[in-house]
Every structure is written in C-alpha cells, then in structure tokens.
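Colleague: Pasting a structure here, questions to come.
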Amino acid sequence: SIIKPDLSGFENTIRDYVRYVLGKPMTDATSTDLFNGVSSAVRKLLMDIRIETEQRYDRRDVKRMHYISMEFLTGPLLANNLLNMGIQEDVRAILKNMGLDLDILMACEPDPSLGNGGLGRLAACFLDSLASLDMPGFGYGINYDYGLFKQSIMGGYQREKPDYWPSRSSPWLIARSGEKCMVPVYGRIVDTEDIEGGYNPMWSEWKLVVGRPHDIPVVGYGGHTANRLRLFSAWASEDFDIQIFNEGDYFRAVERKISSENISKILYPSDSQEAGRELRLVQEYFLVACAVQDIIRIYLKQHDDFNQFSKKVAIQLNDTHPALTVAELMRSLVDVHGLEWDNAWDITTQTLAYTNHTLLPEALEKWPLAIVEKVIPRHLQIIYEINRRFLETLTVNYPDDPQRLHRMSIIEEGDEKQVRMAHLAIVGSHSVNGVAKIHSHLVKTGLVPDFYDLWPEKFNNKTNGVTPRRWLLSANPGLARLITESIGDKWIVDLDTLKALESLGRDPAFLEKFSMIKRENKVRLARLIKKTAYIDVDPDSIFDIHAKRIHEYKRQFLNVMHIIHGYFMIQEEGVIPTAPRTYIFSGKAAPGYFLAKLLIRLIHGVADVVNKDPLVSQWIKVAFIPDYKVSLAEIIIPGADVSEQISTAGMEASGTGNMKFAINGAVTMGTMDGANIEIAEAVGPDNIYIFGHDVEEIQAMRGAYDPGKILAQSPHIQRVLNAVNSPLFCGWENDLFFPLFDAVVNHGDYYMNLADFQSYVDAQVRLSGDYVDKKKWAQMTLLNTARTGIFSSDRTIREYAGEVWGLERQI
Ligand code: 26V
C-alpha cells in the first residue's frame, strides 16, 4: 500500500521558495527556478519520511548495510521521487492549477553523472530497491564537483567538456556540516616507543582533510521508507592551515587548501585502465576513511563496545575501488579504538563483503607500493601485517607450494612491487561475488582459482538487476499503464507478476495495444534523434540499438562491420533486406582510449555515406546520439526493437542495459555472455537471437586463433575491412581508420570480431525475416517483457540481504 504524504502546503512551499529563497516575485521565476521550488517542496516531504525511518531503525537497533562505491549514477530524481511517493499525478494537478507544466520543469533537472556506466548505475538501482523493500541500506560515495564529461560530436569526433553539476546547491543534497569526518593523509611512520595511544599513535606529520557529508534522501516505492546516499566533499582542514598561516606563508596555505579540495573535484572518466595516478588513490582512501568513521560513529551511538559490530553492520565493497576499507577498518579498530589484532580481524572479515565487476586484466586495480607508502604509510604497514599472517596460514594449508604463495600474496613482487587490491578485498571479506552466473563461475575458475580452492564457501553469485520503478514505471509510462490496466499494479514491487502477461499474447487486441505503445516510444525516440543527431529516421523501421560505453570488448566494431556489409549487399549485389533498419548508437569513449574514439569517428563516417546514399538510405540509416546518460537512456531504451549485446563471450561481467531493454520489450541480439545467458534462459530460445562462439570455444581458440585465415576465406569480410581501410568513410582524412583495420587484421583481432562475423550476419538475417511477421514479432517482444521479471534489482537485493548481509525488512 502507498502512504501518500499530505500535499496541502505544497503550493505555498513553492511560492515561498521563489519569494524568500530566490528573492523573486513568482512572475520572474524561470523554469529552473520553479524546478528548484518544486524539488524543495518534494524534499520537505522526503525529510519527514527520512526522519521517521531513522527513528524506526534506531528504536529497533537494526542491522544496517553500507554500500561503499566510488560511483553512483542516479540520474534525475524529481520524477522518480514523485512516483515512489505516489504523488506524481497530484503534483501535476497542483502545478497545472498554478499554470505550470510538470514535464517542462522536470526537463530542467540536470543528470548528476557521478559514475561511468554499469557499475555506478547498479549502485543507484540497489539503493532504490533497498528503500522499496524497506531495508536499512545506505550508500557512501564522493560528491564530485565534476561528474563524467559531457560528450559532444564535432566533425564525427568525440569532444569532452566538463560536466559541472550543482554539487553544493542541488535541491536533493542536504549538507551536514555537523557530521564532518577527519581524514589523515600523507606523513610518515615514527618509532612508537615513547608515544602512548592517542589518535594516530605511530603515524605522524599527516595532513588533515575534512570530509563534509552531503545527503541525498532515497525514498522507496510506497513512501514508507527513506534511506540516504551520503556523498563526501573534501575540504582543507582549517586547523592545519592555521599552522602554515602562522608561519606567514599565506600562499602556500592557500595552495594546500586548493590541493585538498581537489580530492572531490572530478570523477575519473575511465571504466578501465588509467589508475596509477596518485589522486585516484587519495580519492579511494578519502571515501573509505570517511565512510568507516561515519559507520563507526553511527554504531557507537547505540553501543559502547565492538562486540556487536558485525551483527549490526554489513559493508559491501563495490568492486576493489573501496578495498582499502579492509586496512582502514583494521586501523580504526586497532590504532584508534584499541582492540587486539585478532579480534579486530574477525570483526573486519565478518563485516565486509566484496563484489567483483570485471575480469578484464586492465581494470584490475594494483597500486605501486611507493604511492601507497607516500599517501597512507600506516595502511601499508597494516597491509603487510595482514599479508604476513595470511601467507603464514597458507604455508600450513599448502606446505610445499611456494609458487602458490607467490600467486596469492597481496603484494605482487616484480620490478615495481604492487598491492593487488582484489586479493586484499578477498582476504578481508567473508563473501566474494560475481554479478552473473557465468561471471561468478569465471571468477572462481579463471580469475582467482587459488582463492576458490582455499575458501570455496566464500564465493557466490548475485546476478545483477535493475529497478522497475525507474526503468519501466517512469521511463515507459505507456507500457506501465497498459500493464497495470491488464494485470494490476503489483508488478511495481513484484516484477515476477509480469508472467501474467504471457497469456495475453493470444489476445490480438492486447497485442495491438502493446505494439502501439512501442510505436509511440519509437516516435519519441525519433524526435530525440532529430534533435540531437539531426537525422530523420522512420519509426516504422527496425530500431536496432547499441547503447553503452564504447569499448573494444563490447564490439561496436562488429556492429559497424555488419552495417557496412549490409550497405554493400544493397549497393553492389542488389540484395534488399526484408525490413528497413535504423542502427542507433550511443555511448562515451574514455578520453584516453584512442581506438574507442576512432570507432565513434567511424560510426559517423559510415552514417554519412549510408544516410546520403539515395538507394541504401531507404533501407539503412545510422544515427549516433551524443552524451549517453541516464536521462537519455530513459528515452532510448523504451524505443528499441532490437538490443545489441554482442560482447566477446567471457568479457562482459553481466550487463544491465541488456535487462532494461528486454523488460521494455526489445528482443536481444546477443552472445552467450554475462546475463545474456540468463536472459536467454528466461525468455526461451525462440525469443532471443543468440550467435557467436561461447566462452569455452573462445578459450579453446585463444593462442591458435588466426583472423587472417577467416579473412582469406571470406570475400564478404574482405570487402568490409577493405572499405574500413579505404577512403570511402574517411571524408578528407586519408587512412583515418587504418588503426581499426590494423588491430583486427594485423594484431590478432583480440576481441574476435572476425570469428563471430558470419554467425552475427546470419542471426541478423533471421531477425529481419521475423520482424516482418508483425504478429510473431509482437508476441516475441511481449514474452520478453513477461518473462524478465527476475531481472528486477529487488530480487538481487533480496538475495544479498538473505545470503550476504543478514538484513531484514523494517516495515
Ligand atoms: C575501473 C576503473 C579503473 C580506474 C579508473 C576508474 C575506473 C572506474 C571503474 C572501473 C570498473 C569497471 C567495472 C565495471 O564497470 N563493470 C561493469 O559492472 C556492471 C555492474 O555489475 C556490469 O553489468 C558490467 O558488465 C561490467 O562491465
């Protein structure tokens, strides 16, 4: 049941905000002013729920779960907050009465893009599910001033611009200066003999950075529970600066202040590699130190020793980025709170759990000892001690196996010694999970088999999920309405009930309505394409969408090869496809990722040629929507007929976009990778297009794989790759795409585009044939919606709560 808040003062709160906070008469208020006014009226309602929720938790002394993540990709919050509180229509009416349009105001809200992609968006879906399930689950992150860069396209090239978001003034952020966290950083280790206890017994000359909390309330569906996402901004400590001020070096003091405040300045725009940068390590440590201090402070409000700690606190590490939590919790328990090492270690491991989100070697974090020692010398000592004890137990378990000890050590030996963050996280946690069945299997057998051998019971799977509130109820209001009219609204909190739609597939009238809604969503998407990519597309063509970060392993290149192939089939062989298709791409490339950026340029080069060709453009259109982000995904995904999920098998840990597309009735074109495998299982083989080599086949091929051989035997592939390497798509820039050609033809085609090309083309031909059978297609898409209820993040969170966190509903 939904508890609707009282809206009697709502209009006045908006008017008061404009008049007394902004100091303007209503008649001067801009749409953004009014968005802020409405949001602050909504925030008032949120605070009532938040305060009640916190009192309920305190009264019951509940166990709390803290999700520590460097990224939270929440997307705009107004629409979601209104829907979750059940007042969107009431507020729409109130505003209409004031002469205002809710949709126009909602469009003024910026996306807080405090994340790169899947990992950060998953964290946001989890917070929505936790609150909707009335569970005490909280987020800890960084309040970056600049989120992920804004992408624009110039001459087919990606341009990056800073994305300043109102990190100090967003209506959703509540600054909590009273709950500052003090973070010591840098400095050195001194002899401990004559130092007794104190805040940091052997770590001296550290400088202090202050973490200022900013809270975003997270209200669950139904309005019963509001948890919070706590984001820290870094501030220079005034105490410390005063010392330098006294020394008279004003400019040095100001410089230091600026350098401390850099810590929360900007999100690292890479979703793999880079690292190695000291500032990134400082960011990771800053987050962890603030979170641990805050968690302990909250715990100690109701307890006066640590005996109950792991019964009252669970901490989930979102990848290894917060893995320093292991060392920081130990430091706090031992150095600050005076616990014995063994006791502290039991508490630490019983509290922490770690999720792995990638197998890509370039994304596995390792930090050079030299940097760790410089930034957090005490933590390095603690890590050494953890490792010493760990290796000692290993010698007992594996007495004659020094090689194994080498492989498992938290410290990697070599020219430059490094801390292996995944090993630190695994040793310091009681649970290690992957994010889809196949991925969890590969974590155990491929990534860290030695750890699996030692601690098989630690390892488990939690297949990802997505919140149906944002990704269906809010993003696809037409479909949401039809579903509720047909089977009731239980699906919003129990997505498995979508199963009841299956039988409606035999009702032609229902199928017709279902298809009409997809058509309307495609019209809405076509408008977006016109507005952002300046291309006219036909809503009656197949909307075939590849939206995600641009990465070699995600194989946007394979998609482009297929488009070029289609172009030549029409152009040179007169083979017309069964149905016209619009290929839609959207996604950002890391600023330093040369091949990914070149691929964006290639997509635009191909789009130019194809879209201008009078014959081909009747059958194929190509569009790139710039600046992929949550708010655009909410328009793009509901408008899809086909969802491209074509990573090289074994490389996409799970994917979550794949789930959003399927729930919204798109049919997946995918490899047997990540959660695609579970989607195939759920929808059945007739309602998905699976192609390409599976993981076993890919692994068997490695080493012996010769793309040259495939190339030699396939005139079609030759034609496509020669075109990539020809002036055709280059405009006036000669040899522009040679590096993409080169990677595939001369450098081993690591991602095996050629190995999967023919089977991809065949599957696409089958798909085109099926699309023209309107009834068959409608049934397929309906079954995708009806059978993908298990991909609700509510299911994922229930699994974590029961099997990892020991977290209970607090209704
Ligand atoms: C790595 C790095 C390396 C240093 C610079 C900054 C940075 C930022 C993020 C990452 C982590 C990449 C891992 C990741 O995003 N994994 C994705 O997680 C999704 C949620 O589990 C999953 O669906 C995707 O398949 C997986 O690629």
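By convention here, the chains of the structure tokens are called A, B, ... in the order presented, each chain's residues are numbered starting at 1, and ligands are numbered starting at 1 in the order presented.
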Once DSSP has gone over the backbone, tell me which residues of range 564-799 of chain A are in strand (DSSP E), as a list of chain:residue names.
Modeller: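 So the strand (DSSP E) residues in range 564-799 of chain A would be A:Arg581, A:Thr582, A:Tyr583, A:Ile584, A:Phe585, A:Ser586, A:Ile620, A:Lys621, A:Val622, A:Ala623, A:Phe624, A:Ile625, A:Val642, A:Ser643, A:Glu644, A:Gln645, A:Val667, A:Thr668, A:Met669, A:Gly670, A:Tyr689, A:Ile690.
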Colleague: Generate a file of the selected residues that holds C-alpha atoms, formatted as a tab-separated table (two decimals), in the first residue's frame.
Modeller:
chain	number	residue	atom	x	y	z
A	581	ARG	CA	16.52	-0.70	-40.21
A	582	THR	CA	17.78	2.22	-38.18
A	583	TYR	CA	21.05	1.49	-36.41
A	584	ILE	CA	21.30	3.66	-33.33
A	585	PHE	CA	24.47	4.05	-31.29
A	586	SER	CA	25.03	5.93	-28.09
A	620	ILE	CA	19.57	1.56	-43.70
A	621	LYS	CA	20.01	4.61	-41.53
A	622	VAL	CA	22.72	5.14	-38.94
A	623	ALA	CA	22.50	7.58	-36.05
A	624	PHE	CA	24.74	8.36	-33.12
A	625	ILE	CA	23.03	10.02	-30.15
A	642	VAL	CA	16.49	-4.79	-31.01
A	643	SER	CA	19.03	-4.68	-28.18
A	644	GLU	CA	22.65	-5.22	-29.22
A	645	GLN	CA	24.54	-7.18	-26.52
A	667	VAL	CA	14.49	-8.50	-28.47
A	668	THR	CA	18.12	-9.24	-27.67
A	669	MET	CA	20.74	-9.87	-30.35
A	670	GLY	CA	23.44	-11.29	-28.14
A	689	TYR	CA	18.88	-14.15	-31.14
A	690	ILE	CA	21.99	-15.85	-29.82
Colleague: Which residues of chain A come within 6 Å of ligand 1, and what is each one's closest atom pair and distance in Å (one decimal), counting only C-alpha atoms and all ligand atoms, sorted by chain and residue number, as a Markdown table?
Modeller:
| residue | atom | partner | partner_atom_place_in_ligand_line | distance |
| --- | --- | --- | --- | --- |
| A:Gly117 | CA | ligand 1 | 15 (O) | 6.0 |
| A:Gly118 | CA | ligand 1 | 19 (C) | 4.1 |
| A:Leu119 | CA | ligand 1 | 18 (O) | 4.0 |
| A:Leu122 | CA | ligand 1 | 20 (C) | 5.6 |
| A:Tyr268 | CA | ligand 1 | 6 (C) | 5.3 |
| A:Ser270 | CA | ligand 1 | 6 (C) | 4.7 |
| A:Asp271 | CA | ligand 1 | 9 (C) | 4.0 |
| A:Ser272 | CA | ligand 1 | 3 (C) | 4.0 |
| A:Gln273 | CA | ligand 1 | 3 (C) | 5.0 |
| A:Glu274 | CA | ligand 1 | 4 (C) | 5.4 |
| A:Ala275 | CA | ligand 1 | 4 (C) | 4.5 |
| A:His357 | CA | ligand 1 | 16 (N) | 4.3 |
| A:Thr358 | CA | ligand 1 | 16 (N) | 5.0 |
| A:Ala363 | CA | ligand 1 | 3 (C) | 5.1 |
| A:Val435 | CA | ligand 1 | 21 (O) | 5.5 |
| A:Glu652 | CA | ligand 1 | 25 (O) | 4.4 |
| A:Ala653 | CA | ligand 1 | 25 (O) | 3.9 |
| A:Ser654 | CA | ligand 1 | 25 (O) | 3.9 |
| A:Gly655 | CA | ligand 1 | 23 (O) | 3.3 |
| A:Thr656 | CA | ligand 1 | 23 (O) | 4.8 |
Colleague: Please identify all polymer residues within 12 Å of His439 in chain A, counting only C-alpha atoms, omitting same-chain residues fewer than 2 positions from it, and present them as a PyMOL selection string.
Modeller: chain A and resi 355-360+433-437+441-447+459-464+649-655+672-678+695
Colleague: With distances taken over only C-alpha atoms, which residue among A:Ala79, A:Ala589, A:Val419, A:Val804 lies nearest Gln381 in chain A?
Modeller: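 The answer is A:Val419, which sits nearest to Gln381 in chain A.
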Colleague: Need the shell around range 109-115 of chain A: protein/DNA/RNA residues with any atom at most 7 Å away, counting only C-alpha atoms. Skip same-chain ones fewer than 5 positions apart. Format as a PyMOL selection string?
Modeller: chain A and resi 71-76+120+144+147-148+165+267+631
Colleague: Please provide as a list in words all residues within 12 Å of Glu412 in chain A, with the sequence filter that same-chain residues fewer than 4 positions apart are discarded (counting only C-alpha atoms).
Modeller: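 Counting only the stated atoms, we get Glu365, Lys366, Trp367, Pro368, Leu369, Tyr384, Asn387, Leu405, His406, Arg407, Met408, Glu416, Lys417, Gln418, Val419, Arg420, Met421, Ala422, His423 and Leu424 of chain A.
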Colleague: Residues of the last selection are to be written out with N, CA and C atoms, as a short mmCIF file (atom, residue, chain, number, x, y, z; two decimals), in the first residue's frame.
Modeller:
data_model
loop_
_atom_site.label_atom_id
_atom_site.label_comp_id
_atom_site.auth_asym_id
_atom_site.auth_seq_id
_atom_site.Cartn_x
_atom_site.Cartn_y
_atom_site.Cartn_z
N GLU A 365 42.64 -3.52 -10.28
CA GLU A 365 43.46 -2.49 -9.64
C GLU A 365 44.70 -3.05 -8.95
N LYS A 366 45.82 -2.39 -9.21
CA LYS A 366 47.06 -2.67 -8.49
C LYS A 366 47.69 -1.32 -8.19
N TRP A 367 48.14 -1.14 -6.97
CA TRP A 367 48.77 0.14 -6.61
C TRP A 367 50.23 -0.05 -6.25
N PRO A 368 51.12 0.69 -6.90
CA PRO A 368 52.54 0.61 -6.57
C PRO A 368 52.78 0.92 -5.09
N LEU A 369 53.61 0.11 -4.45
CA LEU A 369 53.88 0.31 -3.03
C LEU A 369 54.35 1.73 -2.73
N TYR A 384 50.85 -5.05 5.06
CA TYR A 384 51.96 -6.01 5.23
C TYR A 384 51.63 -7.02 6.32
N ASN A 387 49.06 -9.44 5.23
CA ASN A 387 49.65 -10.37 4.27
C ASN A 387 50.56 -11.39 4.97
N LEU A 405 51.96 -19.54 -3.06
CA LEU A 405 52.06 -18.39 -2.15
C LEU A 405 52.37 -17.12 -2.93
N HIS A 406 53.23 -17.26 -3.89
CA HIS A 406 53.57 -16.14 -4.76
C HIS A 406 52.34 -15.61 -5.48
N ARG A 407 51.58 -16.54 -6.05
CA ARG A 407 50.40 -16.14 -6.81
C ARG A 407 49.36 -15.48 -5.93
N MET A 408 49.26 -15.94 -4.68
CA MET A 408 48.17 -15.48 -3.82
C MET A 408 48.51 -14.26 -2.98
N GLU A 416 58.41 -3.39 -10.08
CA GLU A 416 57.71 -2.45 -9.23
C GLU A 416 56.72 -3.24 -8.39
N LYS A 417 56.98 -3.30 -7.08
CA LYS A 417 56.06 -4.04 -6.23
C LYS A 417 54.72 -3.33 -6.15
N GLN A 418 53.65 -4.14 -6.10
CA GLN A 418 52.31 -3.53 -6.11
C GLN A 418 51.38 -4.24 -5.14
N VAL A 419 50.38 -3.48 -4.66
CA VAL A 419 49.33 -4.09 -3.85
C VAL A 419 48.23 -4.56 -4.80
N ARG A 420 47.90 -5.85 -4.71
CA ARG A 420 46.80 -6.39 -5.52
C ARG A 420 45.51 -6.17 -4.76
N MET A 421 44.73 -5.21 -5.22
CA MET A 421 43.56 -4.80 -4.45
C MET A 421 42.51 -5.91 -4.37
N ALA A 422 42.39 -6.72 -5.42
CA ALA A 422 41.40 -7.81 -5.37
C ALA A 422 41.79 -8.81 -4.29
N HIS A 423 43.08 -9.10 -4.15
CA HIS A 423 43.50 -10.05 -3.12
C HIS A 423 43.22 -9.48 -1.73
N LEU A 424 43.50 -8.19 -1.56
CA LEU A 424 43.21 -7.55 -0.28
C LEU A 424 41.72 -7.67 0.05
#
Colleague: Could you check the closest approach to Gln55 in chain A for each of A:Thr225, A:Leu339, A:Tyr67, A:Tyr250 and tell me which residue wins, using only C-alpha atoms?
Modeller: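 Selected residue with least distance to Gln55 in chain A: A:Thr225.
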